[in-house]
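The structure file start35.cif is reproduced below (mmCIF, C-alpha atoms (C1' of nucleotides)).
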```
data_data
loop_
_atom_site.label_atom_id
_atom_site.label_comp_id
_atom_site.auth_asym_id
_atom_site.auth_seq_id
_atom_site.Cartn_x
_atom_site.Cartn_y
_atom_site.Cartn_z
CA MET A 1 87.64 -15.08 -21.50
CA LEU A 2 88.70 -12.92 -18.60
CA SER A 3 91.28 -10.25 -19.41
CA LYS A 4 94.86 -10.59 -18.22
CA LYS A 5 94.09 -7.76 -15.84
CA THR A 6 91.44 -9.78 -14.05
CA GLN A 7 93.53 -12.93 -14.12
CA TYR A 8 96.44 -11.08 -12.56
CA ALA A 9 94.12 -9.56 -9.98
CA PHE A 10 92.97 -13.00 -8.89
CA HIS A 11 96.49 -14.30 -8.52
CA ALA A 12 97.57 -11.20 -6.60
CA LEU A 13 94.58 -11.47 -4.28
CA ILE A 14 95.31 -15.13 -3.70
CA TYR A 15 98.86 -14.25 -2.75
CA LEU A 16 97.70 -11.52 -0.40
CA ALA A 17 95.17 -13.85 1.21
CA GLU A 18 97.76 -16.55 1.69
CA ASN A 19 100.06 -14.11 3.41
CA VAL A 20 97.72 -12.06 5.60
CA ASP A 21 99.82 -12.77 8.67
CA LYS A 22 102.84 -11.01 7.14
CA GLY A 23 101.34 -7.52 7.17
CA PRO A 24 101.58 -5.27 4.08
CA ILE A 25 103.05 -7.01 1.03
CA LEU A 26 105.22 -5.29 -1.56
CA ILE A 27 103.95 -4.97 -5.12
CA SER A 28 107.36 -6.18 -6.22
CA GLU A 29 107.04 -9.31 -4.12
CA ILE A 30 103.68 -10.24 -5.61
CA ALA A 31 104.94 -9.47 -9.10
CA ALA A 32 107.96 -11.70 -8.62
CA GLU A 33 106.03 -14.57 -7.05
CA LYS A 34 103.32 -14.58 -9.68
CA SER A 35 105.36 -13.58 -12.75
CA ILE A 36 103.46 -10.38 -13.43
CA SER A 37 104.82 -7.12 -14.85
CA ILE A 38 105.36 -4.94 -11.81
CA LYS A 39 104.06 -1.75 -13.41
CA PHE A 40 100.94 -3.39 -14.79
CA LEU A 41 100.27 -4.98 -11.44
CA GLU A 42 100.63 -1.59 -9.79
CA ASN A 43 97.66 -0.26 -11.77
CA ILE A 44 95.58 -3.28 -10.92
CA LEU A 45 96.25 -3.10 -7.20
CA LEU A 46 95.44 0.60 -7.27
CA GLU A 47 92.05 -0.11 -8.83
CA LEU A 48 91.39 -2.75 -6.21
CA LYS A 49 92.33 -0.24 -3.55
CA ASN A 50 90.08 2.47 -4.97
CA ALA A 51 87.26 -0.03 -4.93
CA GLY A 52 87.81 -0.66 -1.23
CA ILE A 53 89.00 -4.23 -1.61
CA LEU A 54 92.61 -3.54 -0.73
CA GLY A 55 94.29 -1.11 1.62
CA SER A 56 97.83 0.19 1.34
CA LYS A 57 100.59 1.70 3.37
CA LYS A 58 103.25 3.95 1.93
CA GLY A 59 106.94 4.15 2.73
CA LYS A 60 109.24 1.66 4.36
CA GLY A 61 107.41 -1.38 5.66
CA GLY A 62 104.53 -0.47 3.37
CA GLY A 63 102.63 -2.50 0.83
CA TYR A 64 99.16 -3.83 0.12
CA TYR A 65 96.78 -5.82 2.27
CA LEU A 66 93.20 -7.05 2.17
CA MET A 67 90.55 -4.75 3.63
CA ARG A 68 88.17 -7.66 4.22
CA THR A 69 88.47 -11.33 4.96
CA PRO A 70 88.78 -13.54 1.86
CA LYS A 71 85.33 -14.94 2.56
CA GLU A 72 83.81 -11.48 2.14
CA ILE A 73 85.16 -10.96 -1.37
CA PRO A 74 82.96 -12.64 -4.01
CA LEU A 75 84.65 -13.51 -7.31
CA ALA A 76 81.90 -11.73 -9.25
CA ARG A 77 82.89 -8.45 -7.61
CA ILE A 78 86.46 -8.65 -8.94
CA ILE A 79 85.35 -9.59 -12.43
CA ARG A 80 82.78 -6.81 -12.68
CA LEU A 81 85.25 -4.28 -11.39
CA LEU A 82 88.06 -5.07 -13.83
CA ASP A 83 86.35 -6.76 -16.75
CA GLY A 84 82.84 -5.40 -16.76
CA PRO A 85 79.81 -7.53 -17.61
CA ILE A 86 79.70 -11.20 -16.74
CA ALA A 87 76.73 -11.96 -19.00
CA LEU A 88 77.35 -13.05 -22.59
CA LEU A 89 75.02 -10.43 -24.07
CA PRO A 90 74.36 -6.78 -23.15
CA CYS A 91 70.61 -7.44 -23.12
CA VAL A 92 70.88 -10.00 -20.31
CA SER A 93 73.38 -8.15 -18.16
CA LEU A 94 72.19 -7.20 -14.69
CA ASN A 95 74.79 -4.52 -14.11
CA TYR A 96 75.54 -3.31 -17.63
CA TYR A 97 72.22 -3.75 -19.42
CA GLU A 98 71.75 -2.46 -22.95
CA ARG A 99 68.77 -3.03 -25.15
CA CYS A 100 69.24 -5.49 -28.01
CA GLU A 101 69.28 -3.69 -31.34
CA ASN A 102 68.84 -6.75 -33.50
CA CYS A 103 65.66 -8.22 -32.12
CA LYS A 104 62.21 -6.70 -31.94
CA ASP A 105 61.01 -7.92 -28.58
CA GLU A 106 63.21 -9.26 -25.81
CA ALA A 107 60.20 -10.79 -24.13
CA VAL A 108 59.81 -13.38 -26.87
CA CYS A 109 63.46 -13.63 -27.95
CA GLY A 110 64.67 -17.18 -27.38
CA LEU A 111 68.29 -16.07 -27.41
CA HIS A 112 67.54 -13.72 -24.58
CA GLU A 113 65.99 -16.55 -22.60
CA VAL A 114 68.84 -19.02 -23.02
CA MET A 115 71.49 -16.42 -22.31
CA SER A 116 69.67 -15.42 -19.14
CA LYS A 117 69.97 -19.00 -17.98
CA VAL A 118 73.67 -19.04 -18.75
CA ARG A 119 74.06 -15.83 -16.78
CA ASP A 120 72.17 -17.28 -13.82
CA ALA A 121 74.20 -20.48 -13.80
CA THR A 122 77.44 -18.49 -13.95
CA LEU A 123 76.42 -16.01 -11.29
CA LYS A 124 75.28 -18.73 -8.95
CA LEU A 125 78.91 -19.79 -8.77
CA LEU A 126 80.69 -16.46 -9.05
CA GLU A 127 78.47 -14.64 -6.55
CA ASN A 128 78.67 -17.41 -3.98
CA LYS A 129 82.30 -18.36 -4.33
CA SER A 130 84.74 -16.00 -2.68
CA LEU A 131 88.44 -15.39 -2.57
CA LYS A 132 88.53 -17.93 0.24
CA ASP A 133 87.32 -20.62 -2.17
CA ILE A 134 90.15 -20.14 -4.64
CA LEU A 135 93.07 -20.36 -2.25
CA THR A 136 95.53 -23.15 -2.86
CA ARG A 137 94.29 -26.40 -1.38
CA ASP A 138 96.60 -27.97 1.20
CA MET B 1 80.72 -10.87 -23.57
CA LEU B 2 80.22 -12.36 -26.97
CA SER B 3 81.60 -10.32 -29.87
CA LYS B 4 79.30 -8.47 -32.24
CA LYS B 5 80.28 -11.03 -34.83
CA THR B 6 78.83 -13.87 -32.80
CA GLN B 7 75.78 -11.87 -31.82
CA TYR B 8 75.07 -11.05 -35.46
CA ALA B 9 75.62 -14.69 -36.39
CA PHE B 10 72.97 -15.78 -33.92
CA HIS B 11 70.44 -13.29 -35.22
CA ALA B 12 71.18 -14.22 -38.82
CA LEU B 13 70.82 -17.93 -38.04
CA ILE B 14 67.55 -17.28 -36.25
CA TYR B 15 66.26 -15.45 -39.30
CA LEU B 16 67.34 -18.26 -41.62
CA ALA B 17 65.74 -20.85 -39.36
CA GLU B 18 62.50 -18.92 -39.21
CA ASN B 19 62.37 -18.73 -43.00
CA VAL B 20 63.53 -22.20 -44.09
CA ASP B 21 60.45 -22.63 -46.25
CA LYS B 22 61.40 -19.63 -48.42
CA GLY B 23 64.48 -21.20 -49.98
CA PRO B 24 67.79 -19.29 -50.17
CA ILE B 25 67.70 -15.94 -48.36
CA LEU B 26 69.59 -12.85 -49.50
CA ILE B 27 72.34 -11.41 -47.31
CA SER B 28 70.76 -8.03 -47.89
CA GLU B 29 67.40 -9.25 -46.60
CA ILE B 30 68.91 -10.58 -43.38
CA ALA B 31 70.96 -7.41 -42.96
CA ALA B 32 67.88 -5.23 -43.39
CA GLU B 33 65.67 -7.31 -41.11
CA LYS B 34 68.21 -7.53 -38.32
CA SER B 35 69.88 -4.11 -38.68
CA ILE B 36 73.31 -5.48 -39.46
CA SER B 37 75.94 -3.96 -41.77
CA ILE B 38 75.57 -5.91 -44.99
CA LYS B 39 79.29 -6.19 -45.68
CA PHE B 40 80.13 -7.30 -42.16
CA LEU B 41 77.37 -9.84 -42.29
CA GLU B 42 78.70 -11.15 -45.57
CA ASN B 43 81.97 -12.15 -43.90
CA ILE B 44 80.15 -13.83 -41.06
CA LEU B 45 77.89 -15.89 -43.30
CA LEU B 46 80.91 -16.93 -45.30
CA GLU B 47 82.60 -18.25 -42.17
CA LEU B 48 79.46 -20.13 -41.23
CA LYS B 49 79.39 -21.58 -44.72
CA ASN B 50 83.05 -22.63 -44.62
CA ALA B 51 82.31 -24.36 -41.32
CA GLY B 52 79.56 -26.37 -42.96
CA ILE B 53 76.73 -24.75 -41.03
CA LEU B 54 75.32 -22.82 -43.97
CA GLY B 55 75.05 -23.52 -47.66
CA SER B 56 74.77 -20.93 -50.41
CA LYS B 57 73.65 -20.49 -53.95
CA LYS B 58 75.10 -17.89 -56.28
CA GLY B 59 73.40 -15.79 -58.91
CA LYS B 60 69.81 -14.80 -59.31
CA GLY B 61 67.53 -16.57 -56.86
CA GLY B 62 70.57 -17.31 -54.74
CA GLY B 63 71.26 -16.71 -51.07
CA TYR B 64 72.04 -18.59 -47.88
CA TYR B 65 70.31 -21.49 -46.19
CA LEU B 66 70.88 -23.86 -43.28
CA MET B 67 72.73 -27.09 -44.03
CA ARG B 68 71.22 -28.81 -40.99
CA THR B 69 68.03 -28.60 -39.02
CA PRO B 70 68.09 -25.98 -36.24
CA LYS B 71 68.02 -28.76 -33.67
CA GLU B 72 71.36 -30.06 -34.95
CA ILE B 73 73.22 -26.79 -34.42
CA PRO B 74 74.37 -26.38 -30.79
CA LEU B 75 74.95 -22.82 -29.60
CA ALA B 76 78.40 -23.75 -28.35
CA ARG B 77 79.47 -24.58 -31.88
CA ILE B 78 78.69 -21.08 -33.15
CA ILE B 79 80.42 -19.40 -30.24
CA ARG B 80 83.58 -21.50 -30.54
CA LEU B 81 83.71 -20.93 -34.27
CA LEU B 82 83.44 -17.14 -34.17
CA ASP B 83 84.53 -16.18 -30.67
CA GLY B 84 86.89 -18.92 -29.61
CA PRO B 85 87.03 -20.23 -26.04
CA ILE B 86 83.92 -20.39 -23.90
CA ALA B 87 85.80 -20.89 -20.63
CA LEU B 88 86.81 -17.88 -18.56
CA LEU B 89 90.45 -18.93 -18.29
CA PRO B 90 92.82 -20.54 -20.81
CA CYS B 91 93.80 -23.17 -18.24
CA VAL B 92 90.24 -24.52 -17.98
CA SER B 93 89.38 -24.42 -21.68
CA LEU B 94 88.58 -27.76 -23.28
CA ASN B 95 89.17 -26.64 -26.85
CA TYR B 96 91.76 -23.90 -26.43
CA TYR B 97 93.75 -25.02 -23.39
CA GLU B 98 96.87 -23.17 -22.33
CA ARG B 99 98.85 -23.77 -19.20
CA CYS B 100 98.51 -21.13 -16.48
CA GLU B 101 101.69 -19.11 -16.13
CA ASN B 102 100.87 -17.53 -12.81
CA CYS B 103 100.27 -20.57 -10.65
CA LYS B 104 102.60 -23.38 -9.78
CA ASP B 105 100.30 -26.36 -9.87
CA GLU B 106 96.90 -26.45 -11.53
CA ALA B 107 95.99 -29.56 -9.59
CA VAL B 108 95.84 -27.63 -6.32
CA CYS B 109 94.84 -24.22 -7.72
CA GLY B 110 91.49 -23.23 -6.29
CA LEU B 111 90.88 -20.75 -9.09
CA HIS B 112 91.26 -23.56 -11.59
CA GLU B 113 88.70 -25.61 -9.71
CA VAL B 114 86.03 -22.93 -9.48
CA MET B 115 86.49 -21.83 -13.10
CA SER B 116 86.12 -25.43 -14.20
CA LYS B 117 82.77 -25.51 -12.51
CA VAL B 118 81.72 -22.29 -14.24
CA ARG B 119 82.77 -23.78 -17.55
CA ASP B 120 80.78 -26.95 -16.89
CA ALA B 121 77.67 -25.04 -15.89
CA THR B 122 77.91 -22.87 -19.00
CA LEU B 123 78.60 -25.76 -21.36
CA LYS B 124 75.75 -27.78 -19.96
CA LEU B 125 73.47 -25.13 -21.41
CA LEU B 126 75.35 -24.11 -24.54
CA GLU B 127 76.10 -27.65 -25.69
CA ASN B 128 72.57 -28.85 -25.14
CA LYS B 129 70.66 -25.84 -26.39
CA SER B 130 70.48 -25.51 -30.15
CA LEU B 131 69.40 -22.98 -32.72
CA LYS B 132 65.94 -24.46 -32.37
CA ASP B 133 65.84 -23.35 -28.74
CA ILE B 134 66.49 -19.70 -29.50
CA LEU B 135 63.82 -19.16 -32.12
CA THR B 136 61.18 -16.57 -31.35
CA ARG B 137 58.45 -18.01 -29.16
CA ASP B 138 54.97 -17.83 -30.58
"C1'" DT C 1 117.05 13.91 5.63
"C1'" DT C 2 117.47 9.86 3.16
"C1'" DT C 3 115.44 5.88 1.52
"C1'" DT C 4 111.58 3.16 0.61
"C1'" DA C 5 107.34 2.36 -1.42
"C1'" DG C 6 102.82 3.59 -2.93
"C1'" DT C 7 100.21 7.33 -6.01
"C1'" DC C 8 98.96 9.42 -10.05
"C1'" DC C 9 98.79 10.43 -14.73
"C1'" DA C 10 100.16 10.28 -19.22
"C1'" DT C 11 101.46 7.84 -23.11
"C1'" DC C 12 102.55 4.21 -26.03
"C1'" DT C 13 102.42 -0.22 -28.45
"C1'" DT C 14 100.13 -4.15 -29.92
"C1'" DT C 15 96.25 -6.78 -30.77
"C1'" DT C 16 91.54 -7.46 -31.63
"C1'" DT C 17 87.31 -6.00 -33.22
"C1'" DT C 18 84.43 -3.89 -36.33
"C1'" DA C 19 83.64 -2.30 -40.69
"C1'" DT C 20 84.32 -1.13 -45.66
"C1'" DA C 21 85.95 -1.30 -50.51
"C1'" DG C 22 86.24 -3.29 -54.83
"C1'" DG C 23 86.94 -6.65 -58.02
"C1'" DT C 24 85.79 -11.85 -59.32
"C1'" DT C 25 82.96 -15.77 -60.16
"C1'" DT C 26 78.75 -18.20 -60.66
"C1'" DT C 27 74.08 -18.70 -62.19
"C1'" DA C 28 69.37 -17.76 -63.81
"C1'" DT C 29 66.97 -15.94 -67.40
"C1'" DG C 30 65.43 -13.44 -71.48
"C1'" DC D 1 74.82 -15.35 -75.60
"C1'" DA D 2 74.30 -11.10 -72.92
"C1'" DT D 3 72.90 -9.27 -68.81
"C1'" DA D 4 72.01 -8.74 -64.21
"C1'" DA D 5 71.88 -10.66 -59.77
"C1'" DA D 6 74.12 -12.44 -55.97
"C1'" DA D 7 77.66 -14.80 -53.50
"C1'" DC D 8 82.97 -15.03 -53.14
"C1'" DC D 9 87.37 -13.33 -51.90
"C1'" DT D 10 91.07 -10.44 -50.39
"C1'" DA D 11 92.83 -6.50 -48.69
"C1'" DT D 12 92.80 -2.79 -45.82
"C1'" DA D 13 91.30 0.74 -42.76
"C1'" DA D 14 89.38 2.62 -38.67
"C1'" DA D 15 88.25 2.21 -33.96
"C1'" DA D 16 88.50 0.26 -29.62
"C1'" DA D 17 90.51 -2.46 -26.11
"C1'" DA D 18 94.28 -4.68 -23.88
"C1'" DG D 19 98.64 -4.70 -22.24
"C1'" DA D 20 102.55 -2.40 -20.76
"C1'" DT D 21 105.77 1.49 -19.45
"C1'" DG D 22 107.82 6.06 -17.67
"C1'" DG D 23 108.49 9.53 -14.65
"C1'" DA D 24 107.36 12.85 -11.31
"C1'" DC D 25 105.01 13.23 -6.75
"C1'" DT D 26 103.75 12.08 -1.85
"C1'" DA D 27 103.91 9.75 2.55
"C1'" DA D 28 106.21 7.33 6.10
"C1'" DA D 29 109.88 5.12 8.61
"C1'" DA D 30 114.39 5.14 10.42
#
```

Show me the file's structure as structure tokens.
Amino acid sequence: MLSKKTQYAFHALIYLAENVDKGPILISEIAAEKSISIKFLENILLELKNAGILGSKKGKGGGYYLMRTPKEIPLARIIRLLDGPIALLPCVSLNYYERCENCKDEAVCGLHEVMSKVRDATLKLLENKSLKDILTRD
Amino acid sequence: MLSKKTQYAFHALIYLAENVDKGPILISEIAAEKSISIKFLENILLELKNAGILGSKKGKGGGYYLMRTPKEIPLARIIRLLDGPIALLPCVSLNYYERCENCKDEAVCGLHEVMSKVRDATLKLLENKSLKDILTRD
DNA sequence: TTTTAGTCCATCTTTTTTATAGGTTTTATG
DNA sequence: CATAAAACCTATAAAAAAGATGGACTAAAA
């Protein structure tokens, strides 16, 4: 399961995408609209900002806004940033690979093979679907 | 990612499946072969036994053995038993569903829709692949 | 210069995960 | 029947991760 952090991030990004025309959006507004702890959300938005996904403006009239169009933000990027690996096992992770300590040879490990397929099937969706694809349908 | 518990369970089950002809297998043998803490493994095998996946025999000449053929043990079953939900979000889980608290209507939530697809793609593999499919290839 | 709002960092609590300890029960076997 | 082997069971501890909070600082607008 995705952590609360990542779940909150998705909902916050959805809100920001659905309100691009309004300029910078207050943390407090997002928190209220999406029922998220304001302080926890603050940390999340900051991480998204440091990763270049969001921009911010301080002071009166400030807030957060998307740095790219929703279509340019793949879901996999958000998950990897806040949750880490998408694969089910370290030994099949593309971005966080670690050798398996319980099997002798990954090349002939059937678990490795099946889990690679799961990873591929998952990534095919998460890499190709973007923030644009998870906005509320009209 | 799958927990260590589930990872160890898979490796232990693989070992048991690859040695069915030898009768009951000692916990200590599995632990040694697969580099798993013997005491931790003990708990895991017990859970698998209580779930009807493994059988055991006490005393001298005892040990653990599969209660079904490897083909009859889907990977999804093991994961759900030891790790819980396979879906990425509670609101798209078939076996551990919980309503989403951050969105107003799941029916029009785009996140819900995409994550359902991820779940389906994952389950298609994990429900149909069994212990037999993850044995070491010759 | 006051107010608003993001920034930064530290800590804290709770939960989950991982691991260990130690006694109990069952069973084969000599 | 005595002994040793091996699973069973329960509790607990240690470590890591997740979730949440507090407060001082900085930038910008009015």

Give me the chain B side of the contact with chain C, cut-off 10 Å, one line per residue showing its nearest atom pair and distance in Å at one decimal, counting all atoms listed in the file, sorted by chain and residue number, as a Markdown table.
```
| residue | atom | partner | partner_atom | distance |
| --- | --- | --- | --- | --- |
| B:Ser3 | CA | C:DT17 | C1' | 7.9 |
| B:Lys4 | CA | C:DT18 | C1' | 8.0 |
| B:Lys5 | CA | C:DT18 | C1' | 8.4 |
| B:Ser37 | CA | C:DA19 | C1' | 8.0 |
| B:Ile38 | CA | C:DA19 | C1' | 9.8 |
| B:Lys39 | CA | C:DT20 | C1' | 7.1 |
| B:Phe40 | CA | C:DA19 | C1' | 6.3 |
| B:Leu41 | CA | C:DA19 | C1' | 9.9 |
| B:Lys57 | CA | C:DT27 | C1' | 8.4 |
| B:Lys58 | CA | C:DT26 | C1' | 5.7 |
| B:Gly59 | CA | C:DT27 | C1' | 4.4 |
| B:Lys60 | CA | C:DA28 | C1' | 5.4 |
| B:Gly61 | CA | C:DA28 | C1' | 7.3 |
| B:Gly62 | CA | C:DT27 | C1' | 8.4 |
```

- request: Identify which of the residues B:Val20, B:Met67, B:Leu88, B:Leu123 lies closest to chain A, counting only C-alpha atoms when measuring atom-to-atom distances.
  value: B:Leu88

Could you please tell me, as an mmCIF file with C-alpha atoms, in the coordinates of the input, which residues of chain B have an atom within 12 Å of chain D when using all atoms listed in the file?
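Output (iface.cif):
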```
data_model
loop_
_atom_site.group_PDB
_atom_site.id
_atom_site.type_symbol
_atom_site.label_atom_id
_atom_site.label_comp_id
_atom_site.auth_asym_id
_atom_site.auth_seq_id
_atom_site.Cartn_x
_atom_site.Cartn_y
_atom_site.Cartn_z
ATOM 1 C CA PRO B 24 67.790 -19.290 -50.170
ATOM 2 C CA ILE B 25 67.700 -15.940 -48.360
ATOM 3 C CA LEU B 26 69.590 -12.850 -49.500
ATOM 4 C CA ILE B 27 72.340 -11.410 -47.310
ATOM 5 C CA SER B 28 70.760 -8.030 -47.890
ATOM 6 C CA GLU B 29 67.400 -9.250 -46.600
ATOM 7 C CA LYS B 39 79.290 -6.190 -45.680
ATOM 8 C CA GLU B 42 78.700 -11.150 -45.570
ATOM 9 C CA ASN B 43 81.970 -12.150 -43.900
ATOM 10 C CA LEU B 45 77.890 -15.890 -43.300
ATOM 11 C CA LEU B 46 80.910 -16.930 -45.300
ATOM 12 C CA GLU B 47 82.600 -18.250 -42.170
ATOM 13 C CA LYS B 49 79.390 -21.580 -44.720
ATOM 14 C CA ASN B 50 83.050 -22.630 -44.620
ATOM 15 C CA GLY B 55 75.050 -23.520 -47.660
ATOM 16 C CA SER B 56 74.770 -20.930 -50.410
ATOM 17 C CA LYS B 57 73.650 -20.490 -53.950
ATOM 18 C CA LYS B 58 75.100 -17.890 -56.280
ATOM 19 C CA GLY B 59 73.400 -15.790 -58.910
ATOM 20 C CA LYS B 60 69.810 -14.800 -59.310
ATOM 21 C CA GLY B 61 67.530 -16.570 -56.860
ATOM 22 C CA GLY B 62 70.570 -17.310 -54.740
ATOM 23 C CA GLY B 63 71.260 -16.710 -51.070
ATOM 24 C CA TYR B 64 72.040 -18.590 -47.880
#
```

Mind dumping a table of every chain B residue within 7 Å of chain A, with the nearest atom pair and its distance in Å to one decimal, using only C-alpha atoms, sorted by chain and rising number, as a tab-separated table?
```
residue	atom	partner	partner_atom	distance
B:Met1	CA	A:Leu88	CA	4.1
B:Leu2	CA	A:Leu88	CA	5.3
B:His11	CA	A:Asn102	CA	6.9
B:Lys34	CA	A:Asn102	CA	4.9
B:Ser35	CA	A:Asn102	CA	5.9
B:Pro85	CA	A:Met1	CA	6.9
B:Ile86	CA	A:Met1	CA	6.9
B:Ala87	CA	A:Met1	CA	6.2
B:Leu88	CA	A:Met1	CA	4.1
B:Leu89	CA	A:Met1	CA	5.7
B:Asn102	CA	A:Lys34	CA	4.9
B:Cys103	CA	A:Lys34	CA	6.8
B:Val108	CA	A:Arg137	CA	5.3
B:Cys109	CA	A:Thr136	CA	5.0
B:Gly110	CA	A:Ile134	CA	3.8
B:Leu111	CA	A:Ile134	CA	4.6
B:Val114	CA	A:Ile134	CA	6.9
B:Val118	CA	A:Thr122	CA	5.7
B:Ala121	CA	A:Ala121	CA	6.1
B:Thr122	CA	A:Val118	CA	5.7
B:Leu125	CA	A:Val118	CA	6.6
B:Asp133	CA	A:Gly110	CA	6.4
B:Ile134	CA	A:Gly110	CA	3.8
B:Leu135	CA	A:Gly110	CA	5.2
B:Thr136	CA	A:Cys109	CA	5.0
B:Arg137	CA	A:Val108	CA	5.3
```

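Between atom CA of B:Arg99 and atom CA of B:Arg77 the separation is 23.2 Å.
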